[in-house]
$ cat structure02.txt   # compact mmCIF, C-alpha atoms
# COMPACT_ATOMS: atom_id res chain seq x y z
CA MET A 9 96.10 121.06 91.72
CA ARG A 10 99.41 120.04 90.19
CA THR A 11 101.12 116.97 91.72
CA ILE A 12 104.87 116.50 92.12
CA ARG A 13 106.26 113.05 92.91
CA ARG A 14 109.76 113.15 94.38
CA ASN A 15 112.36 111.50 96.58
CA THR A 16 113.69 113.63 99.39
CA ALA A 17 116.57 113.49 101.81
CA ARG A 18 115.98 114.98 105.25
CA VAL A 19 118.52 115.57 108.02
CA LEU A 20 118.12 115.79 111.78
CA PRO A 21 121.31 117.29 113.28
CA VAL A 22 121.66 116.44 116.98
CA ASP A 23 123.78 118.56 119.33
CA GLN A 24 125.70 117.45 122.43
CA ALA A 25 122.69 118.17 124.66
CA GLY A 26 120.46 115.84 122.62
CA ARG A 27 118.52 118.61 120.91
CA VAL A 28 117.59 118.51 117.22
CA LEU A 29 117.94 121.42 114.81
CA LEU A 30 114.63 122.29 113.13
CA LEU A 31 113.54 125.12 110.88
CA HIS A 32 110.42 127.25 111.39
CA GLY A 33 108.34 128.46 108.50
CA TRP A 34 105.03 128.44 106.65
CA ASP A 35 103.30 127.70 103.36
CA PRO A 36 103.48 130.89 101.25
CA GLN A 37 99.72 130.63 100.65
CA GLN A 38 99.04 130.29 104.40
CA PRO A 39 101.55 132.53 106.21
CA ASP A 40 99.60 132.45 109.48
CA ASN A 41 99.84 128.63 109.62
CA GLN A 42 103.38 128.28 110.98
CA PHE A 43 105.23 125.12 111.93
CA TRP A 44 108.59 123.47 112.64
CA PHE A 45 110.08 121.10 110.07
CA THR A 46 113.19 119.07 109.32
CA ILE A 47 115.99 120.20 107.04
CA GLY A 48 115.93 118.63 103.60
CA GLY A 49 114.54 118.55 100.11
CA ALA A 50 114.42 116.77 96.79
CA ALA A 51 117.35 114.85 95.40
CA GLU A 52 118.61 116.25 92.10
CA PRO A 53 118.63 113.94 89.04
CA GLY A 54 121.45 111.42 89.47
CA GLU A 55 122.21 112.56 93.03
CA SER A 56 122.27 109.95 95.79
CA LEU A 57 120.06 110.55 98.81
CA VAL A 58 123.04 110.79 101.16
CA LEU A 59 124.66 113.45 98.94
CA ALA A 60 121.33 115.27 98.69
CA ALA A 61 121.06 115.25 102.49
CA ALA A 62 124.54 116.79 102.89
CA ARG A 63 123.75 119.39 100.19
CA GLU A 64 120.41 120.34 101.78
CA LEU A 65 122.06 120.68 105.20
CA ARG A 66 124.63 123.05 103.68
CA GLU A 67 122.07 125.06 101.67
CA GLU A 68 119.34 125.38 104.31
CA ALA A 69 121.40 125.70 107.50
CA GLY A 70 124.97 126.47 106.41
CA ILE A 71 126.27 123.27 108.03
CA VAL A 72 128.98 121.58 105.98
CA ILE A 73 129.64 117.91 106.65
CA ASP A 74 131.14 115.01 104.75
CA ALA A 75 128.21 112.92 103.46
CA ASP A 76 129.86 109.78 104.89
CA ARG A 77 129.07 111.08 108.40
CA LEU A 78 125.35 110.58 107.71
CA GLY A 79 125.58 106.77 107.68
CA GLU A 80 122.46 104.68 107.20
CA PRO A 81 119.00 106.26 107.19
CA ILE A 82 117.04 106.21 110.43
CA GLU A 83 113.75 106.01 108.50
CA VAL A 84 112.26 105.84 105.05
CA SER A 85 108.62 106.83 104.77
CA PRO A 86 106.13 108.21 102.26
CA ILE A 87 104.06 111.34 102.86
CA VAL A 88 101.49 113.33 100.92
CA PHE A 89 100.99 117.06 101.57
CA SER A 90 100.27 120.32 99.81
CA TRP A 91 102.49 123.39 99.85
CA ALA A 92 102.25 126.55 97.74
CA GLY A 93 99.24 125.15 95.91
CA VAL A 94 101.08 122.00 94.81
CA ARG A 95 100.38 118.45 95.98
CA PHE A 96 103.57 116.60 96.90
CA GLU A 97 103.79 112.82 96.99
CA GLN A 98 107.20 112.00 98.30
CA ASP A 99 109.33 109.28 99.71
CA GLN A 100 111.39 110.72 102.54
CA THR A 101 114.70 109.31 103.68
CA PHE A 102 115.78 110.63 107.08
CA PHE A 103 119.39 110.83 108.25
CA ALA A 104 120.75 111.80 111.65
CA VAL A 105 124.12 113.40 112.34
CA ALA A 106 125.88 114.43 115.54
CA VAL A 107 127.14 118.02 115.52
CA ASP A 108 129.07 120.04 118.07
CA ASP A 109 129.04 123.83 118.47
CA ILE A 110 127.72 124.53 114.99
CA ALA A 111 126.80 127.99 113.71
CA VAL A 112 123.61 128.04 111.64
CA THR A 113 123.24 130.43 108.72
CA PHE A 114 120.50 130.90 106.14
CA ALA A 115 122.93 132.44 103.60
CA GLY A 116 122.67 129.44 101.21
CA GLN A 117 118.88 129.35 101.06
CA ASP A 118 117.10 130.04 97.80
CA PRO A 119 114.70 133.03 97.56
CA LEU A 120 111.56 130.98 98.31
CA GLU A 121 113.21 129.43 101.39
CA ARG A 122 114.31 132.87 102.62
CA ALA A 123 110.73 134.12 102.15
CA THR A 124 109.12 131.24 104.08
CA ILE A 125 111.65 130.33 106.80
CA ASP A 126 112.08 132.81 109.63
CA LYS A 127 114.16 131.02 112.25
CA HIS A 128 115.81 127.87 113.51
CA ALA A 129 115.99 126.28 116.95
CA TRP A 130 117.61 123.40 118.76
CA LEU A 131 114.61 121.59 120.25
CA TYR A 132 113.82 118.57 122.39
CA PRO A 133 110.99 116.31 121.15
CA GLY A 134 108.80 117.25 124.10
CA GLU A 135 108.79 120.88 123.03
CA LEU A 136 106.74 119.88 119.99
CA GLU A 137 104.42 117.68 122.02
CA ASP A 138 103.41 120.07 124.79
CA GLY A 139 101.22 122.18 122.52
CA THR A 140 103.31 125.36 122.56
CA GLU A 141 105.05 124.63 119.26
CA ARG A 142 103.59 122.87 116.22
CA PRO A 143 105.43 120.39 113.98
CA ALA A 144 104.65 120.30 110.27
CA ASP A 145 104.12 116.56 110.64
CA PRO A 146 102.97 114.97 113.90
CA GLU A 147 105.66 112.29 113.41
CA ILE A 148 108.51 114.77 113.87
CA PRO A 149 108.90 114.27 117.66
CA ARG A 150 109.20 110.50 117.11
CA LEU A 151 111.75 111.08 114.35
CA MET A 152 113.67 113.42 116.66
CA ARG A 153 113.85 110.69 119.30
CA ALA A 154 115.08 108.19 116.70
CA ALA A 155 117.77 110.66 115.58
CA ILE A 156 118.90 111.31 119.16
CA ALA A 157 119.11 107.58 119.85
CA ALA A 158 121.02 106.96 116.60
CA VAL A 159 123.75 109.50 117.25
CA ARG A 160 123.87 109.99 121.02
CA GLY A 161 122.67 106.60 122.21
CA PRO A 162 119.38 105.29 123.57
CA HIS A 163 120.10 106.59 127.08
CA CYS A 164 120.46 110.24 126.06
CA PRO A 165 117.54 112.34 127.39
CA GLY A 166 114.74 112.41 124.83
CA ALA A 167 116.00 109.38 122.90
CA ALA A 168 113.74 106.56 121.81
CA ARG A 169 114.51 102.91 122.06
CA GLY A 170 113.83 100.68 119.11
CA ARG A 171 114.86 99.88 115.60
CA ARG A 172 117.28 102.09 113.72
CA HIS A 173 115.67 101.80 110.27
CA ILE A 174 111.90 101.84 109.93
CA ARG A 175 109.64 101.71 106.90
CA ALA A 176 106.56 103.59 108.01
CA PRO A 177 103.11 103.43 106.39
CA PRO A 178 102.02 106.30 104.14
CA ARG A 179 100.59 109.30 105.93
CA VAL A 180 99.13 112.65 105.08
CA GLY A 181 100.80 115.61 106.74
CA LEU A 182 100.47 119.34 106.90
CA SER A 183 103.77 119.88 105.19
CA SER A 184 107.24 118.47 105.13
CA TYR A 185 108.46 121.28 102.90
$ encode --input "structure02.txt" --output "structure tokens"
Amino acid sequence: MRTIRRNTARVLPVDQAGRVLLLHGWDPQQPDNQFWFTIGGAAEPGESLVLAAARELREEAGIVIDADRLGEPIEVSPIVFSWAGVRFEQDQTFFAVAVDDIAVTFAGQDPLERATIDKHAWLYPGELEDGTERPADPEIPRLMRAAIAAVRGPHCPGAARGRRHIRAPPRVGLSSY
């Protein structure tokens, strides 16, 4: 299996109700194994992570923001997973951003994204913990809480208390796409 090592920027948009925008999709080699995942992808050569995050948000969800609105990362963590027959070893930098009344569109997605992403939803962390919906990575509900706390405050429903920037240990996930 081929291995790709990369740095990614991931974005957790948080609406006024304290819900986080996630995408739903699957590995093209395992279409029946569906999951929710965060918006984001690899930084292009010479591109900063904050600019990559703003670009990925625009491409994958049609949300255009000034990269300065992303601020400091809420987490930096490594993950190893396979997707489409490729092993990915990546360092992920997560950003949170508050959004209000945003329309989501998949018009900017590339062909592979359009073929493997079927919908989006504004979700609360608990919706991925109650067993009815499955996150690509079991850490996503925790990351959602950190994003909610970062942009809406620690007292917003679903928010976590704690540090704003965390360096997590390496983990192996299903997919972070």
$ residues_around --input "structure02.txt" --residues "Arg66 (chain A)" --least-positions-apart "5" --cutoff "10 Å" --atoms "only C-alpha atoms" --output "list in words"
Ile47, Gly48, Ala60, Ala61, Ile71, Val72, Ile73, Val112, Thr113, Phe114, Ala115, Gly116 and Gln117 of chain A
$ atom_distance --input "structure02.txt" --atom1 "CA of Trp130 (chain A)" --atom2 "CA of Arg160 (chain A)"
15.0 Å
$ atom_distance --input "structure02.txt" --atom1 "CA of Pro36 (chain A)" --atom2 "CA of Val84 (chain A)"
26.8 Å
$ atom_distance --input "structure02.txt" --atom1 "CA of Ala51 (chain A)" --atom2 "CA of Trp34 (chain A)"
21.5 Å
$ residues_around --input "structure02.txt" --residues "Asp108 (chain A)" --least-positions-apart "5" --cutoff "10 Å" --atoms "only C-alpha atoms" --output "PyMOL selection string"
chain A and resi 21-25
$ write_last_selection --input "structure02.txt" --atoms "C-alpha atoms" --output "PDB file, in the coordinates of the input"
ATOM      1  CA  PRO A  21     121.310 117.290 113.280  1.00  0.00           C
ATOM      2  CA  VAL A  22     121.660 116.440 116.980  1.00  0.00           C
ATOM      3  CA  ASP A  23     123.780 118.560 119.330  1.00  0.00           C
ATOM      4  CA  GLN A  24     125.700 117.450 122.430  1.00  0.00           C
ATOM      5  CA  ALA A  25     122.690 118.170 124.660  1.00  0.00           C
TER       6      ALA A  25
END
$ residues_around --input "structure02.txt" --residues "Ile125 (chain A)" --least-positions-apart "4" --cutoff "10 Å" --atoms "all atoms listed in the file" --output "mmCIF file with C-alpha atoms, in the coordinates of the input"
data_model
loop_
_atom_site.group_PDB
_atom_site.id
_atom_site.type_symbol
_atom_site.label_atom_id
_atom_site.label_comp_id
_atom_site.auth_asym_id
_atom_site.auth_seq_id
_atom_site.Cartn_x
_atom_site.Cartn_y
_atom_site.Cartn_z
ATOM 1 C CA LEU A 31 113.540 125.120 110.880
ATOM 2 C CA HIS A 32 110.420 127.250 111.390
ATOM 3 C CA GLY A 33 108.340 128.460 108.500
ATOM 4 C CA TRP A 34 105.030 128.440 106.650
ATOM 5 C CA ASP A 35 103.300 127.700 103.360
ATOM 6 C CA PRO A 36 103.480 130.890 101.250
ATOM 7 C CA GLN A 42 103.380 128.280 110.980
ATOM 8 C CA PHE A 43 105.230 125.120 111.930
ATOM 9 C CA TRP A 44 108.590 123.470 112.640
ATOM 10 C CA PHE A 45 110.080 121.100 110.070
ATOM 11 C CA GLU A 68 119.340 125.380 104.310
ATOM 12 C CA PHE A 114 120.500 130.900 106.140
ATOM 13 C CA GLN A 117 118.880 129.350 101.060
ATOM 14 C CA LEU A 120 111.560 130.980 98.310
ATOM 15 C CA GLU A 121 113.210 129.430 101.390
#
$ closest_residue --input "structure02.txt" --among "A:Leu136, A:Met152, A:Ala158, A:Val107" --to "Val28 (chain A)" --atoms "all atoms listed in the file"
A:Met152
$ residues_around --input "structure02.txt" --residues "Pro81 (chain A)" --least-positions-apart "6" --cutoff "10 Å" --atoms "all atoms listed in the file" --output "NGL selection string"
:A and (17-19 or 57-58 or 100-104 or 155 or 158 or 172-174)
$ build_atoms --input "structure02.txt" --residues "region 86-97 of chain A" --atoms "all heavy atoms" --output "PDB file, in the frame of the given file"
ATOM      1  N   PRO A  86     106.835 107.355 103.220  1.00  0.00           N
ATOM      2  CA  PRO A  86     106.130 108.210 102.260  1.00  0.00           C
ATOM      3  C   PRO A  86     105.246 109.228 102.984  1.00  0.00           C
ATOM      4  O   PRO A  86     104.837 109.004 104.131  1.00  0.00           O
ATOM      5  CB  PRO A  86     105.274 107.214 101.485  1.00  0.00           C
ATOM      6  CG  PRO A  86     104.984 106.134 102.480  1.00  0.00           C
ATOM      7  CD  PRO A  86     106.199 106.052 103.367  1.00  0.00           C
ATOM      8  N   ILE A  87     104.981 110.333 102.334  1.00  0.00           N
ATOM      9  CA  ILE A  87     104.060 111.340 102.860  1.00  0.00           C
ATOM     10  C   ILE A  87     103.419 112.073 101.689  1.00  0.00           C
ATOM     11  O   ILE A  87     104.028 112.184 100.623  1.00  0.00           O
ATOM     12  CB  ILE A  87     104.754 112.327 103.819  1.00  0.00           C
ATOM     13  CG1 ILE A  87     103.723 113.182 104.560  1.00  0.00           C
ATOM     14  CG2 ILE A  87     105.760 113.182 103.074  1.00  0.00           C
ATOM     15  CD1 ILE A  87     104.288 113.970 105.722  1.00  0.00           C
ATOM     16  N   VAL A  88     102.204 112.524 101.900  1.00  0.00           N
ATOM     17  CA  VAL A  88     101.490 113.330 100.920  1.00  0.00           C
ATOM     18  C   VAL A  88     101.077 114.622 101.624  1.00  0.00           C
ATOM     19  O   VAL A  88     100.543 114.588 102.731  1.00  0.00           O
ATOM     20  CB  VAL A  88     100.235 112.595 100.391  1.00  0.00           C
ATOM     21  CG1 VAL A  88      99.444 113.485  99.437  1.00  0.00           C
ATOM     22  CG2 VAL A  88     100.627 111.287  99.717  1.00  0.00           C
ATOM     23  N   PHE A  89     101.364 115.763 100.997  1.00  0.00           N
ATOM     24  CA  PHE A  89     100.990 117.060 101.570  1.00  0.00           C
ATOM     25  C   PHE A  89     100.891 118.090 100.458  1.00  0.00           C
ATOM     26  O   PHE A  89     101.330 117.856  99.340  1.00  0.00           O
ATOM     27  CB  PHE A  89     102.004 117.506 102.634  1.00  0.00           C
ATOM     28  CG  PHE A  89     103.377 117.783 102.087  1.00  0.00           C
ATOM     29  CD1 PHE A  89     103.763 119.061 101.727  1.00  0.00           C
ATOM     30  CD2 PHE A  89     104.296 116.748 101.939  1.00  0.00           C
ATOM     31  CE1 PHE A  89     105.027 119.310 101.224  1.00  0.00           C
ATOM     32  CE2 PHE A  89     105.568 116.980 101.441  1.00  0.00           C
ATOM     33  CZ  PHE A  89     105.936 118.277 101.079  1.00  0.00           C
ATOM     34  N   SER A  90     100.305 119.221 100.776  1.00  0.00           N
ATOM     35  CA  SER A  90     100.270 120.320  99.810  1.00  0.00           C
ATOM     36  C   SER A  90     101.059 121.490 100.378  1.00  0.00           C
ATOM     37  O   SER A  90     101.085 121.724 101.597  1.00  0.00           O
ATOM     38  CB  SER A  90      98.842 120.725  99.472  1.00  0.00           C
ATOM     39  OG  SER A  90      98.202 121.249 100.596  1.00  0.00           O
ATOM     40  N   TRP A  91     101.698 122.226  99.487  1.00  0.00           N
ATOM     41  CA  TRP A  91     102.490 123.390  99.850  1.00  0.00           C
ATOM     42  C   TRP A  91     102.536 124.302  98.633  1.00  0.00           C
ATOM     43  O   TRP A  91     102.802 123.830  97.519  1.00  0.00           O
ATOM     44  CB  TRP A  91     103.900 122.956 100.281  1.00  0.00           C
ATOM     45  CG  TRP A  91     104.685 124.033 100.959  1.00  0.00           C
ATOM     46  CD1 TRP A  91     104.633 124.380 102.268  1.00  0.00           C
ATOM     47  CD2 TRP A  91     105.634 124.907 100.354  1.00  0.00           C
ATOM     48  NE1 TRP A  91     105.494 125.414 102.522  1.00  0.00           N
ATOM     49  CE2 TRP A  91     106.119 125.755 101.362  1.00  0.00           C
ATOM     50  CE3 TRP A  91     106.113 125.055  99.061  1.00  0.00           C
ATOM     51  CZ2 TRP A  91     107.066 126.751 101.114  1.00  0.00           C
ATOM     52  CZ3 TRP A  91     107.050 126.031  98.822  1.00  0.00           C
ATOM     53  CH2 TRP A  91     107.529 126.859  99.838  1.00  0.00           C
ATOM     54  N   ALA A  92     102.234 125.558  98.823  1.00  0.00           N
ATOM     55  CA  ALA A  92     102.250 126.550  97.740  1.00  0.00           C
ATOM     56  C   ALA A  92     101.318 126.167  96.597  1.00  0.00           C
ATOM     57  O   ALA A  92     101.614 126.422  95.437  1.00  0.00           O
ATOM     58  CB  ALA A  92     103.673 126.781  97.243  1.00  0.00           C
ATOM     59  N   GLY A  93     100.212 125.524  96.931  1.00  0.00           N
ATOM     60  CA  GLY A  93      99.240 125.150  95.910  1.00  0.00           C
ATOM     61  C   GLY A  93      99.615 123.945  95.087  1.00  0.00           C
ATOM     62  O   GLY A  93      98.998 123.669  94.057  1.00  0.00           O
ATOM     63  N   VAL A  94     100.617 123.193  95.522  1.00  0.00           N
ATOM     64  CA  VAL A  94     101.080 122.000  94.810  1.00  0.00           C
ATOM     65  C   VAL A  94     100.934 120.803  95.751  1.00  0.00           C
ATOM     66  O   VAL A  94     101.250 120.894  96.940  1.00  0.00           O
ATOM     67  CB  VAL A  94     102.563 122.149  94.384  1.00  0.00           C
ATOM     68  CG1 VAL A  94     103.077 120.879  93.716  1.00  0.00           C
ATOM     69  CG2 VAL A  94     102.742 123.351  93.481  1.00  0.00           C
ATOM     70  N   ARG A  95     100.459 119.696  95.206  1.00  0.00           N
ATOM     71  CA  ARG A  95     100.380 118.450  95.980  1.00  0.00           C
ATOM     72  C   ARG A  95     101.705 117.712  95.796  1.00  0.00           C
ATOM     73  O   ARG A  95     102.148 117.478  94.677  1.00  0.00           O
ATOM     74  CB  ARG A  95      99.222 117.596  95.457  1.00  0.00           C
ATOM     75  CG  ARG A  95      99.108 116.234  96.119  1.00  0.00           C
ATOM     76  CD  ARG A  95      97.994 115.420  95.444  1.00  0.00           C
ATOM     77  NE  ARG A  95      98.073 114.029  95.755  1.00  0.00           N
ATOM     78  CZ  ARG A  95      97.394 113.433  96.733  1.00  0.00           C
ATOM     79  NH1 ARG A  95      96.573 114.141  97.480  1.00  0.00           N
ATOM     80  NH2 ARG A  95      97.521 112.142  96.956  1.00  0.00           N
ATOM     81  N   PHE A  96     102.323 117.351  96.935  1.00  0.00           N
ATOM     82  CA  PHE A  96     103.570 116.600  96.900  1.00  0.00           C
ATOM     83  C   PHE A  96     103.314 115.181  97.381  1.00  0.00           C
ATOM     84  O   PHE A  96     102.700 114.979  98.424  1.00  0.00           O
ATOM     85  CB  PHE A  96     104.620 117.256  97.813  1.00  0.00           C
ATOM     86  CG  PHE A  96     105.154 118.540  97.277  1.00  0.00           C
ATOM     87  CD1 PHE A  96     104.531 119.748  97.565  1.00  0.00           C
ATOM     88  CD2 PHE A  96     106.283 118.551  96.471  1.00  0.00           C
ATOM     89  CE1 PHE A  96     105.020 120.936  97.069  1.00  0.00           C
ATOM     90  CE2 PHE A  96     106.777 119.741  95.965  1.00  0.00           C
ATOM     91  CZ  PHE A  96     106.139 120.942  96.261  1.00  0.00           C
ATOM     92  N   GLU A  97     103.777 114.233  96.607  1.00  0.00           N
ATOM     93  CA  GLU A  97     103.790 112.820  96.990  1.00  0.00           C
ATOM     94  C   GLU A  97     105.260 112.451  97.032  1.00  0.00           C
ATOM     95  O   GLU A  97     105.919 112.408  95.994  1.00  0.00           O
ATOM     96  CB  GLU A  97     103.036 111.972  95.966  1.00  0.00           C
ATOM     97  CG  GLU A  97     101.569 112.327  95.854  1.00  0.00           C
ATOM     98  CD  GLU A  97     100.845 111.568  94.753  1.00  0.00           C
ATOM     99  OE1 GLU A  97     101.500 110.799  93.998  1.00  0.00           O
ATOM    100  OE2 GLU A  97      99.628 111.763  94.628  1.00  0.00           O
TER     101      GLU A  97
END
